[in-house]
Number of protein chains: 2
Amino acid sequence: MSPLSSGLLGDLDPTSDRAVFRQIADQLREAIDRGRFREGEKLPSEADLVDHFGVSRMTVRNAFSILQGEGLVHAEHGRGVFVRPRPPVRRLASDRFARRHREQGKSAFIVEADAAGGHPQVDSLEVKEEKASQDISTRLGSVRRVLARRRRYLLDGRPVEFATSYLPLDIARGTPIAEPNPGPGGIYARLEELGHRLDHFDEEIRARMPSPAEVKTLRLAAGVPVIHLIRTAFDTEGRAVEVCDTVMAADAYVLSYQLPAT
Amino acid sequence: MSPLSSGLLGDLDPTSDRAVFRQIADQLREAIDRGRFREGEKLPSEADLVDHFGVSRMTVRNAFSILQGEGLVHAEHGRGVFVRPRPPVRRLASDRFARRHREQGKSAFIVEADAAGGHPQVDSLEVKEEKASQDISTRLGSVRRVLARRRRYLLDGRPVEFATSYLPLDIARGTPIAEPNPGPGGIYARLEELGHRLDHFDEEIRARMPSPAEVKTLRLAAGVPVIHLIRTAFDTEGRAVEVCDTVMAADAYVLSYQLPAT
DNA sequence: CTCGCTAACTCGTCTATACGAGTAAGCGTG
DNA sequence: CACGCTTACTCGTATAGACGAGTTAGCGAG
């Protein structure tokens with residue numbers, strides 16, 4: 001169809017050491033960065049680029065695959081290759097677990113979603129007792145079995161986060177925490193009602209590429225990393241009362257913390 | 001050479017809908033996960049896999065490229081494809097800017113490196129005055145020009161982090177902060193000496209795939225995301241006195257924070 | 001023994017071709 | 001007009017071959 005309107009892309013440099021497919025990727029990247037192609041806009045088709053640069057299709061595909069790995073573009077079978085739109089991000093503020101939110105009967109996710117003006121949703125709920133992994137056991141202080149609460153969070157229909165909470169059985173068994181819906185304020189509110197007044201949380205943050213399973217549950221596009229957050233909740237007696245393991249789509253989040261300078 | 005000792009990898013399922021190169025990637029991934037190939041170990045060569053599975057080379061390369069995108073393996077020209085070793089991580093504790101560290105004359109990076117038992121190094125130092133970007137200007141409270149301090153941090157010879165600090169000129173100009181080496185305790189110690197007693201820091205954390213420039217300066221392997229951290233330092237008068245923009249190799253870091261439950 | 005070259009093996013780049021499958025627009029039939 | 005089919009265009013998968021370039025081990029000359 002469109003013979004690739006001239007001017008958008010330049011020529012190759014045959015004298016360059018740089019591989020042809022990298023040169024093509026460079027040109028496309030620069031064009032995107034300069035706004036010549038806007039978010040969501042369709043890039044020239046493989047066939048267009050084959051004609052324009054006079055290279056084989058595999059070379060063009062290699063170029064696209066670089067940009068895909070960088071998270072800049074995504075291909076849609078039968079439609080074309082598009083500049084990946086940057087989805088609105090959810091900001092996780094450091095006061096998201098403040099007691100005042102729990103006392104208003106809101107869970108942390110709902111608090112955040114409301115603030116962002118989005119439509120929150122929770123699915124894939126699973127609550128069951130299971131054997132603690134080595135890591136979880138260590139974090140909770142040598143417990144063998146735990147109550148695991150798994151759930152997936154969606155914002156405006158898009159899965160953005162998958163989380164599992166682990167609690168020692170002696171705390172959680174037979175309480176509302178072991179119910180699919182623990183009630184207003186979430187499990188932290190229940191923990192406090194059970195006498196475990198919360199003192200502080202430790203959070204560990206990593207970033208990495210997702211496993212295939214994570215790509216599936218979070219419907220991640222190519223070139224989107226995940227943020228892996230492990231939070232441990234401590235009560236005022238210094239006991240670890242919960243560990244929450246969360247995997248978030250990195251393109252959907254900005255985490256925000258406040259540190260004292262003392 | 002090695003005809004791929006039988007048993008390590010299975011056969012393809014011709015009846016499966018799953019693409020052949022994905023099946024091969026699945027098998028290799030599973031073998032790695034199960035420890036059949038250990039960290040740093042060489043995987044079967046492309047030629048081995050071509051023979052073993054009876055497919056073309058491009059199909060095998062496609063499989064490898066998936067695993068590379070997942071950060072599981074890395075290829076070395078002329079040597080082979082290897083299971084990517086997980087480098088030791090630097091843990092950034094939430095007390096890393098505590099005044100007691102500054103008072104001991106140590107900068108945050110050195111404090112951390114010492115704790116990890118590694119050999120810290122700083123290079124690519126650049127200190128100059130420049131025009132503030134829109135974002136930096138906003139964060140610093142509408143300043144036009146800033147002092148920018150750029151530096152790269154290495155641990156045991158490996159670049160792990162690239163950081164730029166921006167300070168308002170009225171604070172930094174003509175002080176030790178504008179020198180390449182600001183002296184013991186780093187610029188935060190100098191800021192306090194200049195009467196800007198630090199109150200708290202705001203940190204914003206994102207994760208994404210690196211730009212080509214970032215791949216180069218951090219010598220990143222394929223499939224390694226970066227953690228992008230933007231820290232704003234506030235003095236006791238509520239003024240933003242510094243913004244530090246940091247890009248970290250995600251496979252080299254675990255960030256750690258402590259949140260109050262109140 | 002040491003040094004340098006060679007040969008074999010490795011991944012990197014590129015071409016050419018083929019067929020499959022998802023999408024979308026247009027045309028023709030009812 | 002409404003529906004369904006055809007068709008053209010898109011990316012996905014796969015084959016076969018070629019040459020280049022980095023690495024390594026071993027062989028042979030000195």
# chains A, B, ... in the order shown; residues from 1 in each chain; ligands from 1
$ interface_residues --of "chain A" --to "chain C" --cutoff "12 Å" --atoms "only C-alpha atoms (C1' of nucleotides)" --output "PyMOL selection string"
chain A and resi 17-22+50+54-62+76-80
$ write_last_selection --atoms "N, CA and C atoms" --output "PDB file, in the first residue's frame"
ATOM      1  N   ASP A  17      30.271  -0.172  10.147  1.00  0.00           N
ATOM      2  CA  ASP A  17      30.468  -1.484  10.741  1.00  0.00           C
ATOM      3  C   ASP A  17      29.163  -2.004  11.326  1.00  0.00           C
ATOM      4  N   ARG A  18      28.281  -1.107  11.623  1.00  0.00           N
ATOM      5  CA  ARG A  18      27.050  -1.476  12.317  1.00  0.00           C
ATOM      6  C   ARG A  18      26.192  -2.357  11.408  1.00  0.00           C
ATOM      7  N   ALA A  19      25.676  -3.421  11.983  1.00  0.00           N
ATOM      8  CA  ALA A  19      24.873  -4.360  11.197  1.00  0.00           C
ATOM      9  C   ALA A  19      23.660  -3.650  10.611  1.00  0.00           C
ATOM     10  N   VAL A  20      23.258  -4.105   9.440  1.00  0.00           N
ATOM     11  CA  VAL A  20      22.149  -3.472   8.740  1.00  0.00           C
ATOM     12  C   VAL A  20      20.887  -3.441   9.596  1.00  0.00           C
ATOM     13  N   PHE A  21      20.582  -4.555  10.226  1.00  0.00           N
ATOM     14  CA  PHE A  21      19.321  -4.571  11.000  1.00  0.00           C
ATOM     15  C   PHE A  21      19.400  -3.621  12.188  1.00  0.00           C
ATOM     16  N   ARG A  22      20.617  -3.400  12.702  1.00  0.00           N
ATOM     17  CA  ARG A  22      20.754  -2.428  13.786  1.00  0.00           C
ATOM     18  C   ARG A  22      20.572  -1.015  13.258  1.00  0.00           C
ATOM     19  N   VAL A  50      11.244  -3.578   3.578  1.00  0.00           N
ATOM     20  CA  VAL A  50      12.013  -4.412   2.655  1.00  0.00           C
ATOM     21  C   VAL A  50      12.256  -3.643   1.359  1.00  0.00           C
ATOM     22  N   GLY A  54      15.781  -2.148   0.647  1.00  0.00           N
ATOM     23  CA  GLY A  54      16.349  -3.141  -0.261  1.00  0.00           C
ATOM     24  C   GLY A  54      17.029  -4.278   0.460  1.00  0.00           C
ATOM     25  N   VAL A  55      16.433  -4.717   1.565  1.00  0.00           N
ATOM     26  CA  VAL A  55      16.995  -5.840   2.317  1.00  0.00           C
ATOM     27  C   VAL A  55      15.963  -6.968   2.376  1.00  0.00           C
ATOM     28  N   SER A  56      16.386  -8.075   2.956  1.00  0.00           N
ATOM     29  CA  SER A  56      15.451  -9.202   3.036  1.00  0.00           C
ATOM     30  C   SER A  56      14.532  -9.035   4.240  1.00  0.00           C
ATOM     31  N   ARG A  57      13.501  -9.821   4.243  1.00  0.00           N
ATOM     32  CA  ARG A  57      12.503  -9.644   5.283  1.00  0.00           C
ATOM     33  C   ARG A  57      13.051  -9.964   6.673  1.00  0.00           C
ATOM     34  N   MET A  58      13.890 -10.999   6.737  1.00  0.00           N
ATOM     35  CA  MET A  58      14.443 -11.373   8.035  1.00  0.00           C
ATOM     36  C   MET A  58      15.224 -10.214   8.647  1.00  0.00           C
ATOM     37  N   THR A  59      15.887  -9.447   7.823  1.00  0.00           N
ATOM     38  CA  THR A  59      16.662  -8.311   8.329  1.00  0.00           C
ATOM     39  C   THR A  59      15.733  -7.289   8.967  1.00  0.00           C
ATOM     40  N   VAL A  60      14.619  -7.039   8.294  1.00  0.00           N
ATOM     41  CA  VAL A  60      13.651  -6.098   8.857  1.00  0.00           C
ATOM     42  C   VAL A  60      13.072  -6.653  10.152  1.00  0.00           C
ATOM     43  N   ARG A  61      12.767  -7.933  10.140  1.00  0.00           N
ATOM     44  CA  ARG A  61      12.189  -8.537  11.347  1.00  0.00           C
ATOM     45  C   ARG A  61      13.169  -8.471  12.514  1.00  0.00           C
ATOM     46  N   ASN A  62      14.436  -8.667  12.219  1.00  0.00           N
ATOM     47  CA  ASN A  62      15.454  -8.535  13.257  1.00  0.00           C
ATOM     48  C   ASN A  62      15.434  -7.138  13.861  1.00  0.00           C
ATOM     49  N   GLU A  76       1.220  -6.747  16.087  1.00  0.00           N
ATOM     50  CA  GLU A  76      -0.080  -7.414  16.167  1.00  0.00           C
ATOM     51  C   GLU A  76      -0.293  -8.217  14.899  1.00  0.00           C
ATOM     52  N   HIS A  77      -0.480  -9.493  15.107  1.00  0.00           N
ATOM     53  CA  HIS A  77      -0.623 -10.417  13.990  1.00  0.00           C
ATOM     54  C   HIS A  77      -1.743  -9.973  13.056  1.00  0.00           C
ATOM     55  N   GLY A  78      -1.398  -9.775  11.806  1.00  0.00           N
ATOM     56  CA  GLY A  78      -2.413  -9.424  10.806  1.00  0.00           C
ATOM     57  C   GLY A  78      -2.708  -7.936  10.733  1.00  0.00           C
ATOM     58  N   ARG A  79      -2.188  -7.154  11.682  1.00  0.00           N
ATOM     59  CA  ARG A  79      -2.496  -5.727  11.690  1.00  0.00           C
ATOM     60  C   ARG A  79      -1.281  -4.857  11.383  1.00  0.00           C
ATOM     61  N   GLY A  80      -0.184  -5.138  12.053  1.00  0.00           N
ATOM     62  CA  GLY A  80       0.995  -4.306  11.828  1.00  0.00           C
ATOM     63  C   GLY A  80       1.831  -4.188  13.085  1.00  0.00           C
TER      64      GLY A  80
END
$ interface_residues --of "chain D" --to "chain B" --cutoff "12 Å" --atoms "only C-alpha atoms (C1' of nucleotides)" --output "CSV table (one decimal) with C-alpha atoms (C1' of nucleotides), in the first residue's frame"
chain,number,residue,atom,x,y,z
D,12,DG,C1',4.3,-15.7,12.4
D,13,DT,C1',6.8,-19.8,11.4
D,14,DA,C1',10.1,-22.5,9.1
D,15,DT,C1',13.7,-24.1,5.6
D,16,DA,C1',18.2,-23.9,3.2
D,17,DG,C1',22.2,-21.8,2.2
D,20,DG,C1',32.0,-13.4,8.3
D,21,DA,C1',34.2,-13.0,12.7
D,22,DG,C1',35.6,-14.3,17.4
D,23,DT,C1',37.6,-18.3,20.2
D,24,DT,C1',40.2,-22.2,21.2
$ interface_residues --of "chain A" --to "chain B" --cutoff "9 Å" --atoms "only C-alpha atoms" --output "count of residues only"
44
$ atom_distance --atom1 "atom CA of Leu43 of chain B" --atom2 "atom CA of Val83 of chain B"
7.1 Å
$ residues_around --residues "Arg219 of chain A" --least-positions-apart "4" --cutoff "9 Å" --atoms "only C-alpha atoms (C1' of nucleotides)" --output "list in words"
Arg158, Pro159, Val160, Glu214, Val215 and Ala249 of chain A
$ write_last_selection --atoms "N, CA and C atoms" --output "PDB file, in the first residue's frame"
ATOM      1  N   ARG A 158      -7.431  -4.206  32.933  1.00  0.00           N
ATOM      2  CA  ARG A 158      -6.094  -4.686  32.623  1.00  0.00           C
ATOM      3  C   ARG A 158      -5.420  -5.258  33.876  1.00  0.00           C
ATOM      4  N   PRO A 159      -4.911  -6.508  33.796  1.00  0.00           N
ATOM      5  CA  PRO A 159      -4.209  -7.046  34.959  1.00  0.00           C
ATOM      6  C   PRO A 159      -2.909  -6.287  35.175  1.00  0.00           C
ATOM      7  N   VAL A 160      -2.685  -5.830  36.401  1.00  0.00           N
ATOM      8  CA  VAL A 160      -1.489  -5.032  36.656  1.00  0.00           C
ATOM      9  C   VAL A 160      -0.616  -5.627  37.751  1.00  0.00           C
ATOM     10  N   GLU A 214       4.200 -15.450  34.158  1.00  0.00           N
ATOM     11  CA  GLU A 214       3.877 -14.070  34.514  1.00  0.00           C
ATOM     12  C   GLU A 214       3.428 -13.281  33.287  1.00  0.00           C
ATOM     13  N   VAL A 215       4.025 -13.554  32.151  1.00  0.00           N
ATOM     14  CA  VAL A 215       3.592 -12.921  30.908  1.00  0.00           C
ATOM     15  C   VAL A 215       2.113 -13.216  30.680  1.00  0.00           C
ATOM     16  N   ALA A 249       3.306  -5.418  36.808  1.00  0.00           N
ATOM     17  CA  ALA A 249       3.707  -5.006  35.463  1.00  0.00           C
ATOM     18  C   ALA A 249       4.434  -3.678  35.590  1.00  0.00           C
TER      19      ALA A 249
END
$ decode --residues "segment 152-196 of chain B" --atoms "N, CA and C atoms" --output "PDB file, in the first residue's frame"
ATOM      1  N   ARG B 152      29.559   7.602  37.298  1.00  0.00           N
ATOM      2  CA  ARG B 152      29.208   6.192  37.132  1.00  0.00           C
ATOM      3  C   ARG B 152      29.851   5.416  38.268  1.00  0.00           C
ATOM      4  N   TYR B 153      29.117   4.493  38.833  1.00  0.00           N
ATOM      5  CA  TYR B 153      29.631   3.681  39.928  1.00  0.00           C
ATOM      6  C   TYR B 153      29.921   2.269  39.436  1.00  0.00           C
ATOM      7  N   LEU B 154      31.050   1.755  39.873  1.00  0.00           N
ATOM      8  CA  LEU B 154      31.402   0.376  39.529  1.00  0.00           C
ATOM      9  C   LEU B 154      31.637  -0.409  40.798  1.00  0.00           C
ATOM     10  N   LEU B 155      31.305  -1.683  40.741  1.00  0.00           N
ATOM     11  CA  LEU B 155      31.558  -2.564  41.868  1.00  0.00           C
ATOM     12  C   LEU B 155      32.374  -3.736  41.351  1.00  0.00           C
ATOM     13  N   ASP B 156      33.562  -3.900  41.916  1.00  0.00           N
ATOM     14  CA  ASP B 156      34.466  -4.950  41.448  1.00  0.00           C
ATOM     15  C   ASP B 156      34.653  -4.873  39.939  1.00  0.00           C
ATOM     16  N   GLY B 157      34.760  -3.644  39.434  1.00  0.00           N
ATOM     17  CA  GLY B 157      35.049  -3.444  38.015  1.00  0.00           C
ATOM     18  C   GLY B 157      33.838  -3.435  37.121  1.00  0.00           C
ATOM     19  N   ARG B 158      32.703  -3.820  37.647  1.00  0.00           N
ATOM     20  CA  ARG B 158      31.502  -3.856  36.822  1.00  0.00           C
ATOM     21  C   ARG B 158      30.665  -2.598  37.035  1.00  0.00           C
ATOM     22  N   PRO B 159      30.285  -1.890  35.948  1.00  0.00           N
ATOM     23  CA  PRO B 159      29.418  -0.721  36.129  1.00  0.00           C
ATOM     24  C   PRO B 159      28.039  -1.159  36.577  1.00  0.00           C
ATOM     25  N   VAL B 160      27.553  -0.559  37.640  1.00  0.00           N
ATOM     26  CA  VAL B 160      26.259  -0.994  38.168  1.00  0.00           C
ATOM     27  C   VAL B 160      25.241   0.139  38.220  1.00  0.00           C
ATOM     28  N   GLU B 161      25.727   1.374  38.084  1.00  0.00           N
ATOM     29  CA  GLU B 161      24.804   2.483  38.327  1.00  0.00           C
ATOM     30  C   GLU B 161      25.348   3.762  37.718  1.00  0.00           C
ATOM     31  N   PHE B 162      24.447   4.548  37.153  1.00  0.00           N
ATOM     32  CA  PHE B 162      24.824   5.819  36.549  1.00  0.00           C
ATOM     33  C   PHE B 162      23.910   6.880  37.135  1.00  0.00           C
ATOM     34  N   ALA B 163      24.504   7.910  37.712  1.00  0.00           N
ATOM     35  CA  ALA B 163      23.680   8.864  38.454  1.00  0.00           C
ATOM     36  C   ALA B 163      24.018  10.299  38.097  1.00  0.00           C
ATOM     37  N   THR B 164      23.000  11.141  38.095  1.00  0.00           N
ATOM     38  CA  THR B 164      23.189  12.573  37.909  1.00  0.00           C
ATOM     39  C   THR B 164      22.473  13.312  39.029  1.00  0.00           C
ATOM     40  N   SER B 165      23.213  14.162  39.715  1.00  0.00           N
ATOM     41  CA  SER B 165      22.606  15.010  40.741  1.00  0.00           C
ATOM     42  C   SER B 165      22.413  16.409  40.183  1.00  0.00           C
ATOM     43  N   TYR B 166      21.274  16.994  40.454  1.00  0.00           N
ATOM     44  CA  TYR B 166      21.015  18.364  40.025  1.00  0.00           C
ATOM     45  C   TYR B 166      20.795  19.235  41.261  1.00  0.00           C
ATOM     46  N   LEU B 167      21.514  20.355  41.306  1.00  0.00           N
ATOM     47  CA  LEU B 167      21.338  21.262  42.445  1.00  0.00           C
ATOM     48  C   LEU B 167      21.118  22.687  41.941  1.00  0.00           C
ATOM     49  N   PRO B 168      20.295  23.444  42.643  1.00  0.00           N
ATOM     50  CA  PRO B 168      20.080  24.845  42.262  1.00  0.00           C
ATOM     51  C   PRO B 168      21.399  25.607  42.354  1.00  0.00           C
ATOM     52  N   LEU B 169      21.637  26.489  41.399  1.00  0.00           N
ATOM     53  CA  LEU B 169      22.908  27.207  41.358  1.00  0.00           C
ATOM     54  C   LEU B 169      23.125  28.078  42.595  1.00  0.00           C
ATOM     55  N   ASP B 170      22.042  28.652  43.112  1.00  0.00           N
ATOM     56  CA  ASP B 170      22.220  29.558  44.250  1.00  0.00           C
ATOM     57  C   ASP B 170      22.706  28.815  45.481  1.00  0.00           C
ATOM     58  N   ILE B 171      22.518  27.529  45.497  1.00  0.00           N
ATOM     59  CA  ILE B 171      23.027  26.732  46.612  1.00  0.00           C
ATOM     60  C   ILE B 171      24.440  26.239  46.343  1.00  0.00           C
ATOM     61  N   ALA B 172      24.672  25.769  45.126  1.00  0.00           N
ATOM     62  CA  ALA B 172      25.875  24.984  44.862  1.00  0.00           C
ATOM     63  C   ALA B 172      27.052  25.797  44.314  1.00  0.00           C
ATOM     64  N   ARG B 173      26.752  26.865  43.597  1.00  0.00           N
ATOM     65  CA  ARG B 173      27.830  27.579  42.899  1.00  0.00           C
ATOM     66  C   ARG B 173      28.890  28.116  43.878  1.00  0.00           C
ATOM     67  N   GLY B 174      30.123  27.873  43.527  1.00  0.00           N
ATOM     68  CA  GLY B 174      31.217  28.401  44.334  1.00  0.00           C
ATOM     69  C   GLY B 174      31.483  27.639  45.627  1.00  0.00           C
ATOM     70  N   THR B 175      30.796  26.528  45.814  1.00  0.00           N
ATOM     71  CA  THR B 175      31.012  25.722  47.017  1.00  0.00           C
ATOM     72  C   THR B 175      31.746  24.442  46.636  1.00  0.00           C
ATOM     73  N   PRO B 176      32.180  23.660  47.620  1.00  0.00           N
ATOM     74  CA  PRO B 176      32.835  22.378  47.307  1.00  0.00           C
ATOM     75  C   PRO B 176      31.938  21.441  46.496  1.00  0.00           C
ATOM     76  N   ILE B 177      30.626  21.708  46.524  1.00  0.00           N
ATOM     77  CA  ILE B 177      29.694  20.860  45.764  1.00  0.00           C
ATOM     78  C   ILE B 177      29.980  20.964  44.272  1.00  0.00           C
ATOM     79  N   ALA B 178      30.515  22.114  43.851  1.00  0.00           N
ATOM     80  CA  ALA B 178      30.814  22.307  42.431  1.00  0.00           C
ATOM     81  C   ALA B 178      32.172  21.739  42.055  1.00  0.00           C
ATOM     82  N   GLU B 179      32.863  21.161  43.028  1.00  0.00           N
ATOM     83  CA  GLU B 179      34.153  20.519  42.737  1.00  0.00           C
ATOM     84  C   GLU B 179      33.927  19.055  42.383  1.00  0.00           C
ATOM     85  N   PRO B 180      34.819  18.507  41.548  1.00  0.00           N
ATOM     86  CA  PRO B 180      34.692  17.085  41.217  1.00  0.00           C
ATOM     87  C   PRO B 180      34.653  16.215  42.473  1.00  0.00           C
ATOM     88  N   ASN B 181      35.535  16.486  43.403  1.00  0.00           N
ATOM     89  CA  ASN B 181      35.468  15.752  44.666  1.00  0.00           C
ATOM     90  C   ASN B 181      34.984  16.684  45.763  1.00  0.00           C
ATOM     91  N   PRO B 182      33.766  16.483  46.227  1.00  0.00           N
ATOM     92  CA  PRO B 182      33.158  17.406  47.186  1.00  0.00           C
ATOM     93  C   PRO B 182      33.657  17.201  48.608  1.00  0.00           C
ATOM     94  N   GLY B 183      34.481  16.170  48.829  1.00  0.00           N
ATOM     95  CA  GLY B 183      35.013  15.945  50.163  1.00  0.00           C
ATOM     96  C   GLY B 183      34.264  14.876  50.934  1.00  0.00           C
ATOM     97  N   PRO B 184      34.724  14.612  52.154  1.00  0.00           N
ATOM     98  CA  PRO B 184      34.195  13.488  52.944  1.00  0.00           C
ATOM     99  C   PRO B 184      32.711  13.627  53.231  1.00  0.00           C
ATOM    100  N   GLY B 185      31.982  12.503  53.084  1.00  0.00           N
ATOM    101  CA  GLY B 185      30.557  12.524  53.371  1.00  0.00           C
ATOM    102  C   GLY B 185      29.716  12.903  52.169  1.00  0.00           C
ATOM    103  N   GLY B 186      30.380  13.321  51.079  1.00  0.00           N
ATOM    104  CA  GLY B 186      29.651  13.609  49.848  1.00  0.00           C
ATOM    105  C   GLY B 186      28.896  14.923  49.902  1.00  0.00           C
ATOM    106  N   ILE B 187      28.085  15.164  48.891  1.00  0.00           N
ATOM    107  CA  ILE B 187      27.435  16.467  48.780  1.00  0.00           C
ATOM    108  C   ILE B 187      26.376  16.671  49.867  1.00  0.00           C
ATOM    109  N   TYR B 188      25.848  15.603  50.406  1.00  0.00           N
ATOM    110  CA  TYR B 188      24.849  15.784  51.464  1.00  0.00           C
ATOM    111  C   TYR B 188      25.499  16.383  52.711  1.00  0.00           C
ATOM    112  N   ALA B 189      26.738  15.944  52.990  1.00  0.00           N
ATOM    113  CA  ALA B 189      27.459  16.526  54.121  1.00  0.00           C
ATOM    114  C   ALA B 189      27.706  18.009  53.868  1.00  0.00           C
ATOM    115  N   ARG B 190      28.071  18.345  52.612  1.00  0.00           N
ATOM    116  CA  ARG B 190      28.337  19.750  52.288  1.00  0.00           C
ATOM    117  C   ARG B 190      27.071  20.585  52.391  1.00  0.00           C
ATOM    118  N   LEU B 191      25.954  20.013  51.925  1.00  0.00           N
ATOM    119  CA  LEU B 191      24.687  20.751  51.992  1.00  0.00           C
ATOM    120  C   LEU B 191      24.363  21.114  53.436  1.00  0.00           C
ATOM    121  N   GLU B 192      24.605  20.182  54.334  1.00  0.00           N
ATOM    122  CA  GLU B 192      24.291  20.467  55.746  1.00  0.00           C
ATOM    123  C   GLU B 192      25.231  21.522  56.307  1.00  0.00           C
ATOM    124  N   GLU B 193      26.485  21.466  55.898  1.00  0.00           N
ATOM    125  CA  GLU B 193      27.430  22.488  56.355  1.00  0.00           C
ATOM    126  C   GLU B 193      27.026  23.873  55.862  1.00  0.00           C
ATOM    127  N   LEU B 194      26.395  23.893  54.700  1.00  0.00           N
ATOM    128  CA  LEU B 194      25.972  25.166  54.127  1.00  0.00           C
ATOM    129  C   LEU B 194      24.656  25.657  54.734  1.00  0.00           C
ATOM    130  N   GLY B 195      24.183  24.935  55.740  1.00  0.00           N
ATOM    131  CA  GLY B 195      22.994  25.392  56.440  1.00  0.00           C
ATOM    132  C   GLY B 195      21.695  24.755  55.958  1.00  0.00           C
ATOM    133  N   HIS B 196      21.810  23.844  54.977  1.00  0.00           N
ATOM    134  CA  HIS B 196      20.597  23.166  54.508  1.00  0.00           C
ATOM    135  C   HIS B 196      20.473  21.826  55.240  1.00  0.00           C
TER     136      HIS B 196
END
